[in-house]
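Just upload_35.csv here, CSV, N, CA and C atoms:
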chain,number,residue,atom,x,y,z
A,446,MET,N,79.8,-123.0,26.6
A,446,MET,CA,78.4,-122.8,26.9
A,446,MET,C,77.6,-123.1,25.6
A,447,ASN,N,76.6,-123.9,25.7
A,447,ASN,CA,75.8,-124.2,24.5
A,447,ASN,C,74.7,-123.1,24.3
A,448,ALA,N,74.0,-123.3,23.2
A,448,ALA,CA,73.0,-122.2,22.8
A,448,ALA,C,71.9,-122.2,23.8
A,449,ARG,N,71.4,-123.3,24.3
A,449,ARG,CA,70.3,-123.4,25.2
A,449,ARG,C,70.6,-122.6,26.5
A,450,SER,N,71.8,-122.8,27.0
A,450,SER,CA,72.2,-122.1,28.2
A,450,SER,C,72.4,-120.6,28.0
A,451,ARG,N,72.9,-120.3,26.8
A,451,ARG,CA,73.1,-118.9,26.5
A,451,ARG,C,71.7,-118.2,26.4
A,452,GLN,N,70.7,-118.8,25.8
A,452,GLN,CA,69.4,-118.3,25.6
A,452,GLN,C,68.7,-118.2,27.0
A,453,ALA,N,68.9,-119.2,27.9
A,453,ALA,CA,68.3,-119.1,29.2
A,453,ALA,C,68.9,-118.0,30.0
A,454,ARG,N,70.2,-117.8,29.9
A,454,ARG,CA,70.8,-116.7,30.7
A,454,ARG,C,70.3,-115.3,30.2
A,455,GLN,N,70.2,-115.2,28.9
A,455,GLN,CA,69.7,-114.0,28.3
A,455,GLN,C,68.3,-113.7,28.7
A,456,THR,N,67.4,-114.7,28.7
A,456,THR,CA,66.0,-114.5,29.2
A,456,THR,C,66.0,-114.1,30.6
A,457,LEU,N,66.8,-114.7,31.4
A,457,LEU,CA,66.8,-114.4,32.9
A,457,LEU,C,67.3,-113.0,33.1
A,458,ARG,N,68.3,-112.6,32.3
A,458,ARG,CA,68.9,-111.2,32.4
A,458,ARG,C,67.9,-110.2,32.0
A,459,ASN,N,67.2,-110.4,30.9
A,459,ASN,CA,66.1,-109.5,30.5
A,459,ASN,C,65.0,-109.3,31.5
A,460,ARG,N,64.6,-110.5,32.0
A,460,ARG,CA,63.5,-110.5,33.0
A,460,ARG,C,63.9,-109.8,34.3
A,461,THR,N,65.1,-110.0,34.7
A,461,THR,CA,65.6,-109.3,35.9
A,461,THR,C,65.7,-107.8,35.7
A,462,ARG,N,66.2,-107.4,34.6
A,462,ARG,CA,66.3,-106.0,34.3
A,462,ARG,C,64.9,-105.3,34.3
A,463,SER,N,63.9,-105.9,33.7
A,463,SER,CA,62.6,-105.4,33.7
A,463,SER,C,62.0,-105.3,35.1
A,464,GLN,N,62.2,-106.4,35.9
A,464,GLN,CA,61.6,-106.4,37.2
A,464,GLN,C,62.2,-105.3,38.1
A,465,ARG,N,63.5,-105.1,38.0
A,465,ARG,CA,64.2,-104.1,38.8
A,465,ARG,C,63.7,-102.7,38.5
A,466,ALA,N,63.6,-102.5,37.2
A,466,ALA,CA,63.1,-101.2,36.7
A,466,ALA,C,61.6,-100.9,37.2
A,467,ALA,N,60.8,-101.9,37.1
A,467,ALA,CA,59.4,-101.8,37.6
A,467,ALA,C,59.3,-101.6,39.1
A,468,THR,N,60.2,-102.3,39.8
A,468,THR,CA,60.2,-102.1,41.3
A,468,THR,C,60.7,-100.7,41.7
A,469,ARG,N,61.7,-100.2,41.0
A,469,ARG,CA,62.2,-98.9,41.2
A,469,ARG,C,61.1,-97.8,41.0
A,470,ILE,N,60.3,-98.0,40.0
A,470,ILE,CA,59.2,-97.0,39.7
A,470,ILE,C,58.2,-97.1,40.8
A,471,ASN,N,57.8,-98.4,41.1
A,471,ASN,CA,56.8,-98.5,42.2
A,471,ASN,C,57.2,-98.0,43.5
A,472,ARG,N,58.5,-98.1,43.8
A,472,ARG,CA,59.0,-97.7,45.1
A,472,ARG,C,59.1,-96.2,45.2
A,473,ARG,N,59.6,-95.5,44.2
A,473,ARG,CA,59.8,-94.1,44.2
A,473,ARG,C,58.5,-93.3,43.7
A,474,GLY,N,57.7,-93.9,42.9
A,474,GLY,CA,56.6,-93.2,42.3
A,474,GLY,C,56.9,-92.5,41.0
A,475,VAL,N,58.1,-92.3,40.7
A,475,VAL,CA,58.5,-91.7,39.4
A,475,VAL,C,59.7,-92.4,38.9
A,476,GLY,N,60.0,-92.2,37.6
A,476,GLY,CA,61.1,-92.8,37.0
A,476,GLY,C,61.4,-92.1,35.6
A,477,SER,N,62.6,-92.2,35.2
A,477,SER,CA,63.0,-91.6,33.9
A,477,SER,C,62.2,-92.3,32.8
A,478,LEU,N,62.2,-91.7,31.6
A,478,LEU,CA,61.5,-92.4,30.5
A,478,LEU,C,62.2,-93.7,30.1
A,479,THR,N,63.5,-93.7,30.2
A,479,THR,CA,64.3,-94.9,30.0
A,479,THR,C,63.9,-96.0,30.9
A,480,THR,N,63.8,-95.7,32.2
A,480,THR,CA,63.4,-96.7,33.2
A,480,THR,C,62.0,-97.2,32.9
A,481,HIS,N,61.1,-96.4,32.5
A,481,HIS,CA,59.8,-96.9,32.2
A,481,HIS,C,59.8,-97.8,31.0
A,482,CYS,N,60.7,-97.5,30.0
A,482,CYS,CA,60.8,-98.4,28.8
A,482,CYS,C,61.5,-99.7,29.2
A,483,LEU,N,62.4,-99.7,30.1
A,483,LEU,CA,63.0,-100.9,30.6
A,483,LEU,C,62.0,-101.8,31.3
A,484,ALA,N,61.2,-101.1,32.1
A,484,ALA,CA,60.1,-101.9,32.8
A,484,ALA,C,59.1,-102.5,31.9
A,485,ALA,N,59.0,-101.9,30.7
A,485,ALA,CA,58.0,-102.4,29.7
A,485,ALA,C,58.7,-103.6,28.9
A,486,GLY,N,59.9,-103.9,29.2
A,486,GLY,CA,60.6,-105.1,28.6
A,486,GLY,C,61.5,-104.8,27.4
A,487,LEU,N,61.9,-103.6,27.2
A,487,LEU,CA,62.9,-103.3,26.1
A,487,LEU,C,64.3,-103.5,26.6
A,488,THR,N,65.2,-103.7,25.7
A,488,THR,CA,66.7,-103.8,26.0
A,488,THR,C,67.1,-102.3,26.2
A,489,PRO,N,68.3,-102.2,26.9
A,489,PRO,CA,68.8,-100.8,27.1
A,489,PRO,C,68.9,-99.9,25.9
A,490,SER,N,69.4,-100.5,24.8
A,490,SER,CA,69.6,-99.6,23.6
A,490,SER,C,68.2,-99.3,23.0
A,491,GLN,N,67.3,-100.2,23.0
A,491,GLN,CA,66.0,-99.9,22.5
A,491,GLN,C,65.2,-98.9,23.4
A,492,ALA,N,65.5,-99.1,24.7
A,492,ALA,CA,64.8,-98.2,25.7
A,492,ALA,C,65.3,-96.7,25.5
A,493,ARG,N,66.6,-96.6,25.3
A,493,ARG,CA,67.1,-95.2,25.0
A,493,ARG,C,66.5,-94.6,23.8
A,494,THR,N,66.3,-95.4,22.7
A,494,THR,CA,65.7,-94.9,21.5
A,494,THR,C,64.3,-94.5,21.7
A,495,VAL,N,63.5,-95.3,22.3
A,495,VAL,CA,62.1,-95.0,22.6
A,495,VAL,C,62.0,-93.8,23.5
A,496,ALA,N,62.9,-93.8,24.5
A,496,ALA,CA,62.8,-92.7,25.5
A,496,ALA,C,63.1,-91.3,24.8
A,497,SER,N,64.0,-91.3,23.8
A,497,SER,CA,64.2,-90.0,23.2
A,497,SER,C,63.0,-89.6,22.3
A,498,SER,N,62.3,-90.6,21.7
A,498,SER,CA,61.1,-90.2,21.0
A,498,SER,C,60.0,-89.8,22.0
A,499,LEU,N,59.9,-90.4,23.1
A,499,LEU,CA,58.9,-90.0,24.1
A,499,LEU,C,59.2,-88.7,24.7
A,500,ARG,N,60.5,-88.4,24.8
A,500,ARG,CA,60.9,-87.0,25.3
A,500,ARG,C,60.4,-85.9,24.4
A,501,LYS,N,60.5,-86.2,23.1
A,501,LYS,CA,60.0,-85.2,22.1
A,501,LYS,C,58.5,-85.1,22.2
A,502,ASN,N,57.8,-86.2,22.4
A,502,ASN,CA,56.3,-86.1,22.5
A,502,ASN,C,55.9,-85.6,23.8
A,503,ALA,N,56.7,-85.5,24.8
A,503,ALA,CA,56.3,-85.0,26.1
A,503,ALA,C,56.1,-83.5,26.0
A,504,THR,N,56.9,-82.8,25.2
A,504,THR,CA,56.6,-81.4,24.9
A,504,THR,C,55.4,-81.1,24.2
A,505,LYS,N,55.0,-82.0,23.2
A,505,LYS,CA,53.8,-81.9,22.5
A,505,LYS,C,52.6,-82.1,23.4
A,506,ALA,N,52.7,-83.0,24.3
A,506,ALA,CA,51.6,-83.3,25.2
A,506,ALA,C,51.5,-82.3,26.3
A,507,GLY,N,52.5,-81.5,26.5
A,507,GLY,CA,52.5,-80.5,27.6
A,507,GLY,C,52.8,-81.1,29.0
A,508,VAL,N,53.4,-82.3,29.0
A,508,VAL,CA,53.7,-83.0,30.2
A,508,VAL,C,55.1,-82.5,30.7
A,509,GLN,N,55.1,-82.1,32.0
A,509,GLN,CA,56.4,-81.7,32.6
A,509,GLN,C,56.6,-82.6,33.8
A,510,GLY,N,57.7,-83.3,33.8
A,510,GLY,CA,58.1,-84.2,34.9
A,510,GLY,C,58.7,-83.4,36.0
A,511,VAL,N,59.2,-84.2,37.0
A,511,VAL,CA,60.0,-83.7,38.1
A,511,VAL,C,61.4,-83.7,37.8
A,512,THR,N,62.1,-82.6,38.0
A,512,THR,CA,63.5,-82.5,37.7
A,512,THR,C,64.3,-83.1,38.9
A,513,GLY,N,65.2,-83.9,38.6
A,513,GLY,CA,66.0,-84.6,39.6
A,513,GLY,C,67.5,-84.6,39.2
A,514,THR,N,68.3,-85.3,40.1
A,514,THR,CA,69.7,-85.5,39.8
A,514,THR,C,70.0,-87.0,39.8
A,515,ALA,N,70.6,-87.4,38.7
A,515,ALA,CA,71.1,-88.8,38.6
A,515,ALA,C,72.6,-88.8,38.7
A,516,TYR,N,73.1,-89.9,39.3
A,516,TYR,CA,74.5,-90.1,39.5
A,516,TYR,C,74.9,-91.3,38.7
A,517,ARG,N,75.9,-91.1,37.9
A,517,ARG,CA,76.5,-92.2,37.1
A,517,ARG,C,78.0,-92.0,37.0
A,518,LYS,N,78.7,-93.0,37.4
A,518,LYS,CA,80.2,-93.0,37.4
A,518,LYS,C,80.7,-91.8,38.1
A,519,GLY,N,80.1,-91.4,39.2
A,519,GLY,CA,80.6,-90.3,40.0
A,519,GLY,C,80.2,-89.0,39.5
A,520,GLN,N,79.5,-88.9,38.4
A,520,GLN,CA,79.2,-87.6,37.9
A,520,GLN,C,77.7,-87.3,38.1
A,521,ALA,N,77.3,-86.1,38.4
A,521,ALA,CA,75.9,-85.8,38.6
A,521,ALA,C,75.4,-85.1,37.4
A,522,ARG,N,74.2,-85.5,37.0
A,522,ARG,CA,73.6,-84.8,35.8
A,522,ARG,C,72.1,-84.7,36.1
A,523,THR,N,71.5,-83.7,35.5
A,523,THR,CA,70.0,-83.5,35.8
A,523,THR,C,69.2,-84.4,34.8
A,524,CYS,N,68.1,-84.8,35.4
A,524,CYS,CA,67.2,-85.7,34.6
A,524,CYS,C,65.8,-85.3,34.9
A,525,THR,N,64.9,-85.8,34.1
A,525,THR,CA,63.5,-85.5,34.4
A,525,THR,C,62.8,-86.9,34.6
A,526,ARG,N,62.0,-87.0,35.7
A,526,ARG,CA,61.4,-88.2,36.0
A,526,ARG,C,59.9,-88.0,35.9
A,527,TYR,N,59.2,-89.0,35.5
A,527,TYR,CA,57.7,-89.0,35.2
A,527,TYR,C,57.0,-90.0,36.0
A,528,THR,N,55.8,-89.8,36.3
A,528,THR,CA,54.9,-90.7,36.9
A,528,THR,C,54.3,-91.7,35.8
A,529,PRO,N,53.8,-92.8,36.2
A,529,PRO,CA,53.2,-93.7,35.2
A,529,PRO,C,52.1,-93.1,34.4
A,530,ALA,N,51.3,-92.2,35.1
A,530,ALA,CA,50.2,-91.6,34.4
A,530,ALA,C,50.7,-90.6,33.4
A,531,GLN,N,51.8,-89.9,33.7
A,531,GLN,CA,52.3,-88.9,32.8
A,531,GLN,C,52.9,-89.7,31.5
A,532,VAL,N,53.6,-90.8,31.8
A,532,VAL,CA,54.1,-91.6,30.7
A,532,VAL,C,53.0,-92.1,29.8
A,533,ALA,N,51.9,-92.5,30.4
A,533,ALA,CA,50.7,-93.0,29.6
A,533,ALA,C,50.2,-91.9,28.7
A,534,ALA,N,50.2,-90.7,29.2
A,534,ALA,CA,49.7,-89.6,28.4
A,534,ALA,C,50.6,-89.3,27.3
A,535,ILE,N,51.9,-89.5,27.5
A,535,ILE,CA,52.9,-89.3,26.4
A,535,ILE,C,52.8,-90.4,25.4
A,536,ALA,N,52.6,-91.7,25.9
A,536,ALA,CA,52.6,-92.8,25.0
A,536,ALA,C,51.4,-92.9,24.1
A,537,VAL,N,50.4,-92.2,24.5
A,537,VAL,CA,49.2,-92.1,23.6
A,537,VAL,C,49.5,-91.3,22.3
A,538,ILE,N,50.4,-90.3,22.4
A,538,ILE,CA,50.7,-89.5,21.2
A,538,ILE,C,51.8,-90.2,20.4
A,539,TYR,N,52.6,-91.1,21.0
A,539,TYR,CA,53.8,-91.7,20.4
A,539,TYR,C,53.3,-92.7,19.3
A,540,ARG,N,53.8,-92.6,18.1
A,540,ARG,CA,53.4,-93.5,17.0
A,540,ARG,C,54.6,-94.2,16.5
A,541,PRO,N,55.0,-95.3,17.1
A,541,PRO,CA,56.2,-96.1,16.6
A,541,PRO,C,55.9,-96.9,15.3
A,542,ARG,N,57.0,-97.3,14.7
A,542,ARG,CA,56.9,-98.1,13.4
A,542,ARG,C,57.2,-99.6,13.7
A,543,ARG,N,58.2,-99.8,14.5
A,543,ARG,CA,58.7,-101.2,14.8
A,543,ARG,C,57.7,-101.9,15.7
A,544,ALA,N,57.6,-103.2,15.5
A,544,ALA,CA,56.7,-104.0,16.3
A,544,ALA,C,57.0,-104.0,17.8
A,545,GLU,N,58.3,-104.1,18.1
A,545,GLU,CA,58.7,-104.1,19.5
A,545,GLU,C,58.3,-102.7,20.2
A,546,TYR,N,58.5,-101.7,19.5
A,546,TYR,CA,58.2,-100.4,20.0
A,546,TYR,C,56.7,-100.1,20.2
A,547,LYS,N,55.9,-100.7,19.2
A,547,LYS,CA,54.5,-100.6,19.3
A,547,LYS,C,54.0,-101.4,20.6
A,548,ALA,N,54.6,-102.5,20.9
A,548,ALA,CA,54.2,-103.3,22.0
A,548,ALA,C,54.6,-102.5,23.3
A,549,CYS,N,55.7,-101.9,23.3
A,549,CYS,CA,56.1,-101.1,24.4
A,549,CYS,C,55.2,-99.9,24.7
A,550,ALA,N,54.8,-99.3,23.6
A,550,ALA,CA,53.9,-98.1,23.7
A,550,ALA,C,52.6,-98.5,24.3
A,551,ALA,N,52.1,-99.7,23.9
A,551,ALA,CA,50.8,-100.2,24.4
A,551,ALA,C,51.0,-100.5,25.9
A,552,LYS,N,52.1,-101.1,26.3
A,552,LYS,CA,52.3,-101.4,27.8
A,552,LYS,C,52.4,-100.1,28.6
A,553,LEU,N,53.1,-99.1,28.0
A,553,LEU,CA,53.2,-97.8,28.7
A,553,LEU,C,51.9,-97.1,28.8
A,554,ALA,N,51.1,-97.2,27.8
A,554,ALA,CA,49.8,-96.6,27.9
A,554,ALA,C,48.8,-97.2,28.9
A,555,LEU,N,49.0,-98.5,29.1
A,555,LEU,CA,48.2,-99.2,30.1
A,555,LEU,C,48.7,-99.2,31.5
A,556,ALA,N,49.9,-98.7,31.7
A,556,ALA,CA,50.6,-98.7,33.0
A,556,ALA,C,49.9,-97.8,34.0
A,557,ALA,N,49.2,-96.8,33.5
A,557,ALA,CA,48.6,-95.8,34.5
A,557,ALA,C,47.4,-96.3,35.1

Could you render the structure from this file as structure tokens?
Amino acid sequence: MNARSRQARQTLRNRTRSQRAATRINRRGVGSLTTHCLAAGLTPSQARTVASSLRKNATKAGVQGVTGTAYRKGQARTCTRYTPAQVAAIAVIYRPRRAEYKACAAKLALAA
């Protein structure tokens, strides 16, 4: 596989991941912070990093999401899901340093 094919496949994979996350949020009305970050265009590892920072800022903003159950590899765990408006309120407080994270925070703030 040459570099051009590899880059095209990576672009398509990233775009598909973002679209699926955005569709899931639109369909259900709520999503975890990681899902919102994926919908904003971050990679999974970057989305987990930003979501943990947003989670800390959620307590500062006084935003409480809906508690739900997520299933992964057959195990159930509790998670908190947020509406786009709640995520926008959290993203206003969030002050990232990296350029990718700043762009994500701007998208999340405008999502509501």

- Who sits within 7 Å of segment 533-535 of chain A, only C-alpha atoms, same chain under 4 positions skipped, as a ChimeraX atom specification: /A:499,502-503,506,529,539,553-557

Prev. selection, N, CA and C atoms, output as a PDB file, keeping the file's coordinate frame:
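Heads up, here's the output in out_28.pdb:
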ATOM      1  N   LEU A 499      59.900 -90.400  23.100  1.00  0.00           N
ATOM      2  CA  LEU A 499      58.900 -90.000  24.100  1.00  0.00           C
ATOM      3  C   LEU A 499      59.200 -88.700  24.700  1.00  0.00           C
ATOM      4  N   ASN A 502      57.800 -86.200  22.400  1.00  0.00           N
ATOM      5  CA  ASN A 502      56.300 -86.100  22.500  1.00  0.00           C
ATOM      6  C   ASN A 502      55.900 -85.600  23.800  1.00  0.00           C
ATOM      7  N   ALA A 503      56.700 -85.500  24.800  1.00  0.00           N
ATOM      8  CA  ALA A 503      56.300 -85.000  26.100  1.00  0.00           C
ATOM      9  C   ALA A 503      56.100 -83.500  26.000  1.00  0.00           C
ATOM     10  N   ALA A 506      52.700 -83.000  24.300  1.00  0.00           N
ATOM     11  CA  ALA A 506      51.600 -83.300  25.200  1.00  0.00           C
ATOM     12  C   ALA A 506      51.500 -82.300  26.300  1.00  0.00           C
ATOM     13  N   PRO A 529      53.800 -92.800  36.200  1.00  0.00           N
ATOM     14  CA  PRO A 529      53.200 -93.700  35.200  1.00  0.00           C
ATOM     15  C   PRO A 529      52.100 -93.100  34.400  1.00  0.00           C
ATOM     16  N   TYR A 539      52.600 -91.100  21.000  1.00  0.00           N
ATOM     17  CA  TYR A 539      53.800 -91.700  20.400  1.00  0.00           C
ATOM     18  C   TYR A 539      53.300 -92.700  19.300  1.00  0.00           C
ATOM     19  N   LEU A 553      53.100 -99.100  28.000  1.00  0.00           N
ATOM     20  CA  LEU A 553      53.200 -97.800  28.700  1.00  0.00           C
ATOM     21  C   LEU A 553      51.900 -97.100  28.800  1.00  0.00           C
ATOM     22  N   ALA A 554      51.100 -97.200  27.800  1.00  0.00           N
ATOM     23  CA  ALA A 554      49.800 -96.600  27.900  1.00  0.00           C
ATOM     24  C   ALA A 554      48.800 -97.200  28.900  1.00  0.00           C
ATOM     25  N   LEU A 555      49.000 -98.500  29.100  1.00  0.00           N
ATOM     26  CA  LEU A 555      48.200 -99.200  30.100  1.00  0.00           C
ATOM     27  C   LEU A 555      48.700 -99.200  31.500  1.00  0.00           C
ATOM     28  N   ALA A 556      49.900 -98.700  31.700  1.00  0.00           N
ATOM     29  CA  ALA A 556      50.600 -98.700  33.000  1.00  0.00           C
ATOM     30  C   ALA A 556      49.900 -97.800  34.000  1.00  0.00           C
ATOM     31  N   ALA A 557      49.200 -96.800  33.500  1.00  0.00           N
ATOM     32  CA  ALA A 557      48.600 -95.800  34.500  1.00  0.00           C
ATOM     33  C   ALA A 557      47.400 -96.300  35.100  1.00  0.00           C
TER      34      ALA A 557
END

- Message: If we count all atoms listed in the file and set the cut-off at 8 Å, which residues sit around Val495 of chain A, ignoring sequence neighbours fewer than 3 positions away in its own chain? Please answer as number ranges by chain.
- Response: A: 478-479, 482, 489-492, 498-501, 546

- Can you pull out every residue within 8 Å of Thr523 of chain A, counting all atoms listed in the file, but drop anything in the same chain fewer than 6 positions away, and send it as a ChimeraX atom specification? /A:512-516

- Once DSSP has gone over the backbone, tell me which residues of segment 503-547 of chain A are in helix (DSSP H, G or I), as number ranges by chain. A: 503-506, 529-538, 544-547

- Query: In Å to one decimal, how far is atom C of Ala536 of chain A from atom C of Gly510 of chain A?
  - Reply: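 Between atom C of Gly510 of chain A and atom C of Ala536 of chain A the gap works out to 16.9 Å.
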
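Atom N of Thr488 of chain A is positioned 15.2 Å from atom CA of Gln452 of chain A.
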
- Item | Given only C-alpha atoms as the counted atoms, nearest of A:Arg526, A:Arg451, A:Lys505, A:Lys552 to Ser477 of chain A |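 Result for the nearest residue to Ser477 of chain A: A:Arg526.
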
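Of the residues under consideration (A:Asn471, A:Arg543, A:Gln531, A:Arg449), A:Gln531 shows the shortest atom-to-atom contact distance to Gln509 of chain A when counting all atoms listed in the file.
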
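Interatomic distance, atom N of Ala544 of chain A to atom C of Arg458 of chain A: 20.7 Å.
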
- Pick out the closest residue to Ala467 of chain A from this set: A:Thr528, A:Gln455, A:Ser450, A:Thr480. Count only C-alpha atoms. A:Thr480

- Note on the structure: Using only N, CA and C atoms, the best pick from A:Ser463, A:Ala550, A:Ser497, A:Arg472 as closest to Ala484 of chain A would be A:Ser463

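Among A:Arg473, A:Arg522, A:Arg465, A:Arg460, the residue with the shortest atom-to-atom distance to Gly486 of chain A, counting only C-alpha atoms, is A:Arg460.
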